>>> print(open('coords-v7.cif').read())   # mmCIF, C-alpha atoms and all ligand atoms
data_final
#
loop_
_atom_site.label_atom_id
_atom_site.label_comp_id
_atom_site.auth_asym_id
_atom_site.auth_seq_id
_atom_site.Cartn_x
_atom_site.Cartn_y
_atom_site.Cartn_z
CA MET A 1 -2.20 -2.13 -21.48
CA GLU A 2 -2.34 -0.29 -24.71
CA SER A 3 1.39 0.41 -24.92
CA LYS A 4 2.17 -2.54 -27.17
CA THR A 5 -0.32 -1.44 -29.77
CA GLU A 6 0.52 2.22 -29.58
CA GLU A 7 3.17 4.13 -31.42
CA ALA A 8 6.17 5.18 -29.31
CA SER A 9 5.81 8.54 -27.62
CA MET A 10 6.55 10.78 -30.58
CA ILE A 11 4.81 14.13 -30.52
CA ASN A 12 2.50 14.29 -33.52
CA VAL A 13 0.44 17.41 -33.99
CA SER A 14 -2.64 17.28 -36.14
CA SER A 15 -3.36 19.98 -38.68
CA LEU A 16 -7.10 20.36 -38.89
CA THR A 17 -9.27 22.32 -41.30
CA CYS A 18 -10.40 25.73 -40.13
CA ILE A 19 -13.94 26.86 -40.96
CA ASP A 20 -14.45 30.63 -40.99
CA LEU A 21 -18.11 31.13 -40.11
CA ASP A 22 -17.90 34.75 -41.23
CA ASN A 23 -17.48 33.58 -44.83
CA SER A 24 -20.82 34.17 -46.52
CA ASN A 25 -20.00 31.64 -49.23
CA LEU A 26 -21.60 28.73 -47.38
CA HIS A 27 -21.05 26.37 -50.31
CA GLN A 28 -17.33 26.92 -50.12
CA LEU A 29 -17.42 26.21 -46.37
CA ALA A 30 -19.51 23.09 -46.99
CA VAL A 31 -16.83 21.65 -49.31
CA LEU A 32 -14.14 22.22 -46.67
CA LEU A 33 -16.28 20.88 -43.85
CA LYS A 34 -17.26 17.78 -45.83
CA GLN A 35 -13.62 16.90 -46.46
CA ALA A 36 -12.84 17.35 -42.75
CA CYS A 37 -15.77 15.12 -41.78
CA LEU A 38 -14.82 12.37 -44.23
CA ASP A 39 -11.26 12.47 -42.90
CA SER A 40 -11.48 12.83 -39.11
CA GLY A 41 -14.72 14.55 -38.08
CA PHE A 42 -12.59 17.14 -36.23
CA PHE A 43 -12.16 20.76 -37.33
CA TYR A 44 -11.80 24.29 -35.95
CA VAL A 45 -14.31 27.12 -36.30
CA ILE A 46 -13.30 30.79 -36.19
CA ASN A 47 -15.28 34.03 -36.43
CA HIS A 48 -18.13 32.21 -34.72
CA GLY A 49 -19.53 35.31 -33.04
CA MET A 50 -18.99 34.35 -29.38
CA SER A 51 -17.01 37.10 -27.69
CA GLU A 52 -13.60 36.26 -26.21
CA GLU A 53 -14.69 38.06 -23.03
CA LEU A 54 -17.56 35.63 -22.49
CA LYS A 55 -15.31 32.64 -23.15
CA GLU A 56 -12.65 33.94 -20.76
CA GLU A 57 -15.22 34.71 -18.11
CA ALA A 58 -16.65 31.19 -18.34
CA PHE A 59 -13.14 29.77 -17.80
CA GLU A 60 -12.48 32.15 -14.88
CA GLN A 61 -15.76 31.21 -13.22
CA SER A 62 -15.15 27.53 -13.87
CA LYS A 63 -11.74 27.76 -12.15
CA LYS A 64 -13.35 29.51 -9.18
CA PHE A 65 -15.88 26.72 -8.80
CA PHE A 66 -13.31 23.90 -8.89
CA ALA A 67 -11.11 25.81 -6.43
CA LEU A 68 -13.89 25.67 -3.79
CA PRO A 69 -13.52 23.23 -0.88
CA LEU A 70 -14.87 19.77 -1.74
CA GLU A 71 -17.54 20.23 0.92
CA GLU A 72 -18.97 23.23 -0.95
CA LYS A 73 -18.84 21.40 -4.29
CA MET A 74 -20.62 18.39 -2.78
CA LYS A 75 -23.61 20.65 -2.03
CA VAL A 76 -24.33 20.64 -5.78
CA LEU A 77 -23.53 16.96 -6.34
CA ARG A 78 -24.91 15.59 -9.59
CA ASN A 79 -28.61 14.70 -9.34
CA GLU A 80 -30.46 11.80 -11.03
CA LYS A 81 -30.84 13.97 -14.15
CA HIS A 82 -27.04 14.22 -14.38
CA ARG A 83 -26.98 17.94 -13.61
CA GLY A 84 -24.35 19.35 -11.27
CA TYR A 85 -20.99 18.30 -9.85
CA ALA A 86 -19.24 15.02 -10.65
CA PRO A 87 -16.15 14.43 -8.47
CA ILE A 88 -12.84 13.08 -9.69
CA HIS A 89 -12.68 9.49 -11.02
CA GLU A 90 -16.46 9.30 -11.43
CA SER A 91 -16.16 8.54 -15.11
CA ARG A 92 -13.98 5.96 -16.80
CA LEU A 93 -14.41 6.31 -20.54
CA ASP A 94 -12.10 3.50 -21.66
CA PRO A 95 -12.41 0.76 -19.01
CA LYS A 96 -10.40 -1.78 -21.01
CA ASN A 97 -7.29 0.38 -20.93
CA GLN A 98 -7.66 2.42 -17.74
CA VAL A 99 -6.60 1.30 -14.26
CA GLN A 100 -8.24 4.33 -12.60
CA GLY A 101 -11.16 6.57 -13.54
CA ASP A 102 -10.57 9.76 -15.51
CA TYR A 103 -8.49 12.35 -13.62
CA LYS A 104 -11.12 14.99 -14.01
CA GLU A 105 -13.99 16.60 -12.14
CA GLY A 106 -16.94 18.13 -13.96
CA PHE A 107 -20.06 20.23 -13.67
CA THR A 108 -23.00 19.65 -16.05
CA ILE A 109 -25.45 22.30 -17.19
CA GLY A 110 -28.24 21.19 -19.55
CA MET A 111 -31.29 22.56 -21.31
CA GLU A 112 -34.14 23.75 -19.14
CA GLY A 113 -37.55 22.88 -20.62
CA PRO A 114 -40.94 24.39 -19.92
CA LYS A 115 -42.09 23.57 -16.37
CA ASP A 116 -45.21 21.73 -17.61
CA CYS A 117 -43.50 19.28 -19.95
CA PRO A 118 -44.31 15.56 -19.48
CA ASP A 119 -42.10 13.27 -17.40
CA LEU A 120 -40.01 11.85 -20.21
CA ASP A 121 -39.12 15.28 -21.46
CA LYS A 122 -38.05 16.32 -18.01
CA SER A 123 -35.13 13.93 -18.02
CA PHE A 124 -33.70 15.80 -20.98
CA TYR A 125 -34.96 19.27 -20.20
CA SER A 126 -35.01 19.45 -16.39
CA SER A 127 -33.92 22.29 -14.08
CA ASN A 128 -30.26 22.95 -13.55
CA ILE A 129 -28.66 23.20 -10.14
CA TRP A 130 -26.37 26.09 -9.28
CA PRO A 131 -23.69 26.92 -6.73
CA ASN A 132 -24.72 29.38 -4.03
CA PRO A 133 -24.73 32.90 -5.58
CA ASP A 134 -23.30 34.34 -2.34
CA VAL A 135 -20.27 32.10 -2.83
CA LEU A 136 -19.95 32.62 -6.61
CA PRO A 137 -21.74 35.80 -7.64
CA GLY A 138 -22.63 36.04 -11.34
CA TRP A 139 -21.68 32.40 -11.93
CA ARG A 140 -25.07 31.22 -13.09
CA GLU A 141 -25.55 34.22 -15.39
CA THR A 142 -22.17 33.64 -17.08
CA MET A 143 -22.84 29.95 -17.61
CA GLU A 144 -26.37 30.49 -18.93
CA LYS A 145 -25.08 33.05 -21.39
CA TYR A 146 -22.24 30.75 -22.48
CA HIS A 147 -24.65 27.83 -23.00
CA GLN A 148 -26.97 29.97 -25.10
CA GLU A 149 -24.17 31.43 -27.24
CA ALA A 150 -22.44 28.08 -27.71
CA LEU A 151 -25.70 26.54 -28.92
CA ARG A 152 -26.16 29.41 -31.35
CA VAL A 153 -22.69 28.69 -32.76
CA CYS A 154 -23.63 25.00 -33.17
CA LYS A 155 -26.79 25.93 -35.03
CA SER A 156 -24.79 27.91 -37.56
CA ILE A 157 -22.35 25.01 -37.95
CA ALA A 158 -25.35 22.71 -38.52
CA ARG A 159 -26.33 24.82 -41.55
CA VAL A 160 -22.94 24.15 -43.12
CA ILE A 161 -23.21 20.46 -42.18
CA ALA A 162 -26.62 20.35 -43.93
CA LEU A 163 -25.12 21.72 -47.14
CA ALA A 164 -22.14 19.39 -46.86
CA LEU A 165 -24.62 16.50 -46.78
CA ASP A 166 -26.54 17.89 -49.82
CA LEU A 167 -29.54 18.74 -47.64
CA ASP A 168 -31.41 22.04 -47.54
CA VAL A 169 -29.50 24.60 -45.54
CA ASP A 170 -32.23 24.72 -42.84
CA TYR A 171 -32.62 20.92 -42.63
CA PHE A 172 -31.52 20.80 -38.97
CA ASP A 173 -33.31 24.00 -37.88
CA GLY A 174 -36.86 22.69 -37.22
CA PRO A 175 -38.53 22.11 -33.83
CA GLU A 176 -37.82 18.36 -33.90
CA MET A 177 -34.21 19.06 -34.73
CA LEU A 178 -32.01 21.74 -33.19
CA GLY A 179 -35.01 24.02 -32.55
CA ASN A 180 -35.48 21.97 -29.35
CA SER A 181 -31.97 20.66 -29.10
CA ILE A 182 -30.68 18.68 -26.16
CA ALA A 183 -27.38 20.33 -25.38
CA ASN A 184 -25.35 19.53 -22.28
CA MET A 185 -22.43 21.71 -21.39
CA ILE A 186 -19.83 20.29 -19.03
CA LEU A 187 -17.15 22.29 -17.27
CA PHE A 188 -14.08 20.09 -16.80
CA HIS A 189 -11.06 20.43 -14.57
CA TYR A 190 -8.29 17.93 -15.25
CA GLU A 191 -5.97 17.36 -12.28
CA GLY A 192 -2.33 18.20 -12.85
CA ILE A 193 -1.19 14.60 -13.21
CA LEU A 194 1.12 13.07 -15.75
CA SER A 195 -0.63 10.46 -17.88
CA ASP A 196 1.12 7.25 -18.76
CA PRO A 197 -0.60 5.09 -21.41
CA SER A 198 1.79 2.21 -20.64
CA LYS A 199 0.40 2.16 -17.07
CA GLY A 200 -3.21 2.78 -18.04
CA ILE A 201 -3.25 6.31 -16.59
CA TYR A 202 -5.20 8.84 -18.64
CA ALA A 203 -6.65 12.25 -17.83
CA CYS A 204 -9.59 11.11 -19.96
CA GLY A 205 -9.79 7.67 -21.56
CA ALA A 206 -10.25 7.07 -25.29
CA HIS A 207 -13.84 7.41 -26.49
CA SER A 208 -15.97 8.87 -29.24
CA ASP A 209 -18.71 11.36 -28.37
CA TYR A 210 -22.21 9.94 -28.67
CA GLY A 211 -24.11 13.04 -29.79
CA MET A 212 -24.50 14.91 -33.06
CA MET A 213 -21.58 17.28 -32.59
CA THR A 214 -19.44 18.69 -29.80
CA LEU A 215 -18.27 22.29 -29.53
CA LEU A 216 -15.12 22.28 -27.42
CA ALA A 217 -13.32 25.19 -25.80
CA THR A 218 -10.03 24.39 -24.05
CA ASP A 219 -7.37 26.44 -22.31
CA ASP A 220 -3.90 26.39 -23.85
CA VAL A 221 -2.59 23.37 -21.94
CA MET A 222 -1.96 20.61 -24.52
CA GLY A 223 -3.67 17.32 -23.84
CA LEU A 224 -6.35 16.42 -26.39
CA GLN A 225 -5.37 13.70 -28.85
CA ILE A 226 -7.21 12.08 -31.75
CA CYS A 227 -6.78 8.71 -33.44
CA LYS A 228 -8.04 8.62 -37.02
CA ASP A 229 -7.85 4.85 -37.37
CA LYS A 230 -8.71 2.86 -34.25
CA ASP A 231 -7.80 -0.43 -35.92
CA ALA A 232 -4.29 0.62 -36.99
CA LYS A 233 -1.49 -1.24 -35.24
CA PRO A 234 0.23 0.61 -33.72
CA GLN A 235 -2.43 3.23 -33.13
CA LYS A 236 -1.31 6.71 -34.10
CA TRP A 237 -2.35 9.51 -31.75
CA GLU A 238 -2.07 13.16 -32.78
CA TYR A 239 -2.35 16.20 -30.52
CA VAL A 240 -5.00 18.80 -31.30
CA PRO A 241 -3.61 22.12 -30.08
CA SER A 242 -5.97 24.83 -28.95
CA ILE A 243 -6.05 27.90 -31.23
CA LYS A 244 -6.85 31.30 -29.82
CA LYS A 245 -10.37 32.50 -30.63
CA ALA A 246 -11.27 29.15 -32.22
CA PHE A 247 -13.48 26.30 -31.06
CA ILE A 248 -12.64 22.68 -31.75
CA VAL A 249 -15.65 20.88 -33.23
CA ASN A 250 -16.11 17.16 -33.59
CA ILE A 251 -18.78 14.96 -35.11
CA GLY A 252 -20.41 12.47 -32.73
CA ASP A 253 -21.68 8.90 -33.17
CA LEU A 254 -25.27 10.03 -33.70
CA LEU A 255 -24.37 11.98 -36.83
CA GLU A 256 -22.14 9.15 -38.04
CA ARG A 257 -25.16 6.87 -37.80
CA TRP A 258 -27.55 9.44 -39.31
CA SER A 259 -25.21 9.94 -42.29
CA ASN A 260 -24.94 6.16 -42.85
CA GLY A 261 -21.31 6.12 -41.71
CA LEU A 262 -20.24 8.89 -44.11
CA PHE A 263 -19.21 11.46 -41.49
CA LYS A 264 -16.66 10.14 -39.01
CA SER A 265 -16.91 10.16 -35.22
CA ILE A 266 -13.41 9.22 -34.12
CA LEU A 267 -11.62 8.17 -30.95
CA HIS A 268 -10.05 10.88 -28.83
CA ARG A 269 -8.61 11.13 -25.32
CA VAL A 270 -6.79 13.53 -23.03
CA LEU A 271 -3.27 13.02 -21.68
CA GLY A 272 -2.21 15.01 -18.63
CA ASN A 273 1.16 16.76 -18.82
CA GLY A 274 1.34 17.59 -15.11
CA GLN A 275 -0.46 20.93 -15.40
CA ASN A 276 -4.03 21.67 -14.41
CA ARG A 277 -6.21 21.87 -17.50
CA TYR A 278 -9.72 23.27 -18.04
CA SER A 279 -12.13 22.65 -20.89
CA ILE A 280 -15.79 23.29 -21.72
CA PRO A 281 -17.47 20.98 -24.23
CA LEU A 282 -21.07 21.46 -25.36
CA PHE A 283 -22.57 18.13 -26.45
CA VAL A 284 -25.36 18.75 -28.95
CA LEU A 285 -28.23 16.46 -29.99
CA PRO A 286 -31.49 17.17 -31.80
CA SER A 287 -34.81 17.12 -29.94
CA HIS A 288 -35.59 13.90 -28.00
CA LYS A 289 -38.53 13.43 -30.43
CA CYS A 290 -36.36 13.42 -33.54
CA LEU A 291 -36.33 10.18 -35.53
CA ILE A 292 -32.76 9.35 -36.44
CA ASP A 293 -33.29 7.62 -39.76
CA CYS A 294 -30.66 7.45 -42.50
CA LEU A 295 -30.59 10.91 -44.15
CA PRO A 296 -32.20 10.89 -47.62
CA THR A 297 -28.99 12.03 -49.31
CA CYS A 298 -26.84 9.35 -47.66
CA GLN A 299 -28.54 6.30 -49.16
CA SER A 300 -29.06 4.81 -52.60
CA LYS A 301 -29.81 1.45 -54.23
CA ILE A 302 -26.18 0.49 -53.80
CA ASN A 303 -25.76 2.19 -50.42
CA LEU A 304 -28.66 0.97 -48.31
CA PRO A 305 -29.22 2.26 -44.75
CA LYS A 306 -26.89 0.39 -42.38
CA TYR A 307 -28.76 1.19 -39.16
CA PRO A 308 -32.46 0.98 -38.28
CA ALA A 309 -34.32 4.20 -37.48
CA ILE A 310 -34.31 5.09 -33.79
CA LYS A 311 -35.88 7.88 -31.78
CA CYS A 312 -33.31 10.25 -30.35
CA SER A 313 -34.56 9.59 -26.77
CA SER A 314 -34.22 5.78 -27.20
CA TYR A 315 -30.77 6.22 -28.68
CA ILE A 316 -29.66 8.25 -25.65
CA PHE A 317 -31.11 5.76 -23.15
CA GLN A 318 -29.41 2.93 -25.01
CA ARG A 319 -26.05 4.72 -24.90
CA TYR A 320 -26.39 5.56 -21.17
CA LYS A 321 -27.21 1.93 -20.47
CA GLU A 322 -24.21 0.64 -22.40
CA VAL A 323 -21.85 2.94 -20.52
CA HIS A 324 -23.27 1.96 -17.14
CA GLU A 325 -23.27 -1.76 -17.84
CA HIS A 326 -19.71 -1.48 -19.04
CA GLN A 327 -18.68 0.31 -15.87
CA LYS A 328 -20.39 -2.28 -13.64
CA GLN A 329 -18.29 -5.05 -15.14
CA THR A 330 -15.02 -3.36 -14.29
C1 LIG B 1 -15.11 14.94 -23.83
C2 LIG B 1 -13.79 15.28 -24.40
C3 LIG B 1 -11.87 16.77 -24.40
C4 LIG B 1 -11.28 17.85 -23.59
O1 LIG B 1 -15.42 15.45 -22.75
O2 LIG B 1 -15.85 14.17 -24.48
O3 LIG B 1 -13.38 14.65 -25.33
O4 LIG B 1 -10.32 18.47 -24.07
N1 LIG B 1 -13.10 16.30 -23.85
O5 LIG B 1 -11.74 18.09 -22.47
NI NI B 2 -15.04 13.55 -26.20
#
>>> encode(input="coords-v7.cif", output="structure tokens")
Amino acid sequence: MESKTEEASMINVSSLTCIDLDNSNLHQLAVLLKQACLDSGFFYVINHGMSEELKEEAFEQSKKFFALPLEEKMKVLRNEKHRGYAPIHESRLDPKNQVQGDYKEGFTIGMEGPKDCPDLDKSFYSSNIWPNPDVLPGWRETMEKYHQEALRVCKSIARVIALALDLDVDYFDGPEMLGNSIANMILFHYEGILSDPSKGIYACGAHSDYGMMTLLATDDVMGLQICKDKDAKPQKWEYVPSIKKAFIVNIGDLLERWSNGLFKSILHRVLGNGQNRYSIPLFVLPSHKCLIDCLPTCQSKINLPKYPAIKCSSYIFQRYKEVHEHQKQT
């Protein structure tokens, strides 16, 4: 187990940079964001424009869904396109250190593409599945609105990211970029269990996110932890508290690769403290057609591209495959 390589159970709380999206001085924001991304790839955003009412309603509706009898939830069991309900223990994000799957159940809502798009596209932009509206009235409408608003917030963050990487402010706006973004939102409910790293019991195992960035809303139950240096012995884990009216944002592996390793995508996990916990991450990627090739501003004669170019769709398939092969071995 990880206990031997992990610092004793001191409570460390991380203090992350806060990006105020209402600040019209984007260059000032870019300097702050860049520092945060060189350091940990985690930061908060405030004044993002999503109303608190919508956020609260999404959490209320999410709680109502998870409170349904299992039989009702199984009616919207995850399909082959990964949309819908994933029961508890279905995922195990850190198989080397976990004795059980993650203590969480989820519900995935993705992008819906045009009905006539070719087969390949459909796996990224297929139709969502929804709980029965007689059972949960207004549920679909709330979640669709949340998805749309959360993606809008990510697009404005991407403009600051572009400046922080010395690119044009609209670099990520085009149709092959976030104009046709692949963005999966997952509602999570963590069971009220107590995690114990020394026994390999985690609410969610250590991992880094594979996408471009993640926009995370959590309730106020502490649980999320980050590790800035995975190779440190012992590893040092810091809690990331939730801040009212703020989102937590983190850079994913795809942007780390795109930026030639400049922006960090770091390990994080969730420890259960015995209370039920709810969260809603939105995992954002550019269009499946986007070529992820080292950004022009992140390479030079003495800093050559470290990774070959790869199409976003191939990158995603590769990552899915790795996760599944990993899980088969355990
Ligand atoms: C994730 C994740 C954190 C949380 O789903 O990738 O890191 O607080 N979630 O739910
Ligand atoms: Ni994550």
>>> residues_near_ligand(input="coords-v7.cif", ligand="ligand LIG 1 (chain B)", cutoff="6 Å", atoms="only C-alpha atoms and all ligand atoms", output="PDB file with C-alpha atoms, in the coordinates of the input")
ATOM      1  CA  ASP A 209     -18.710  11.360 -28.370  1.00  0.00           C
ATOM      2  CA  THR A 218     -10.030  24.390 -24.050  1.00  0.00           C
ATOM      3  CA  LEU A 224      -6.350  16.420 -26.390  1.00  0.00           C
ATOM      4  CA  ARG A 269      -8.610  11.130 -25.320  1.00  0.00           C
ATOM      5  CA  SER A 279     -12.130  22.650 -20.890  1.00  0.00           C
TER       6      SER A 279
END
>>> residues_near_ligand(input="coords-v7.cif", ligand="ligand NI 2 (chain B)", cutoff="8 Å", atoms="only C-alpha atoms and all ligand atoms", output="compact mmCIF listing (two decimals) with C-alpha atoms, in the coordinates of the input")
# COMPACT_ATOMS: atom_id res chain seq x y z
CA HIS A 207 -13.84 7.41 -26.49
CA SER A 208 -15.97 8.87 -29.24
CA ASP A 209 -18.71 11.36 -28.37
CA THR A 214 -19.44 18.69 -29.80
CA LEU A 267 -11.62 8.17 -30.95
CA HIS A 268 -10.05 10.88 -28.83
CA ARG A 269 -8.61 11.13 -25.32
>>> closest_residue(input="coords-v7.cif", among="A:Gly179, A:Lys244, A:His288, A:Leu16", to="Ser123 of chain A", atoms="all atoms listed in the file")
A:His288
>>> residues_around(input="coords-v7.cif", residues="Pro296 of chain A", least_positions_apart="4", cutoff="12 Å", atoms="only C-alpha atoms", output="list in words")
Ala162, Leu165, Asp166, Leu167, Asp168, Tyr171, Trp258, Ser259, Asn260, Ile292, Ser300, Lys301, Asn303, Leu304 and Pro305 of chain A
>>> residues_around(input="coords-v7.cif", residues="segment 68-72 of chain A", least_positions_apart="4", cutoff="10 Å", atoms="only C-alpha atoms", output="ChimeraX atom specification")
/A:63-64,76-77,87,131-132,135-136
>>> closest_residue(input="coords-v7.cif", among="A:Ala309, A:Leu216, A:Ile243, A:Ile251", to="Asp293 of chain A", atoms="only C-alpha atoms")
A:Ala309
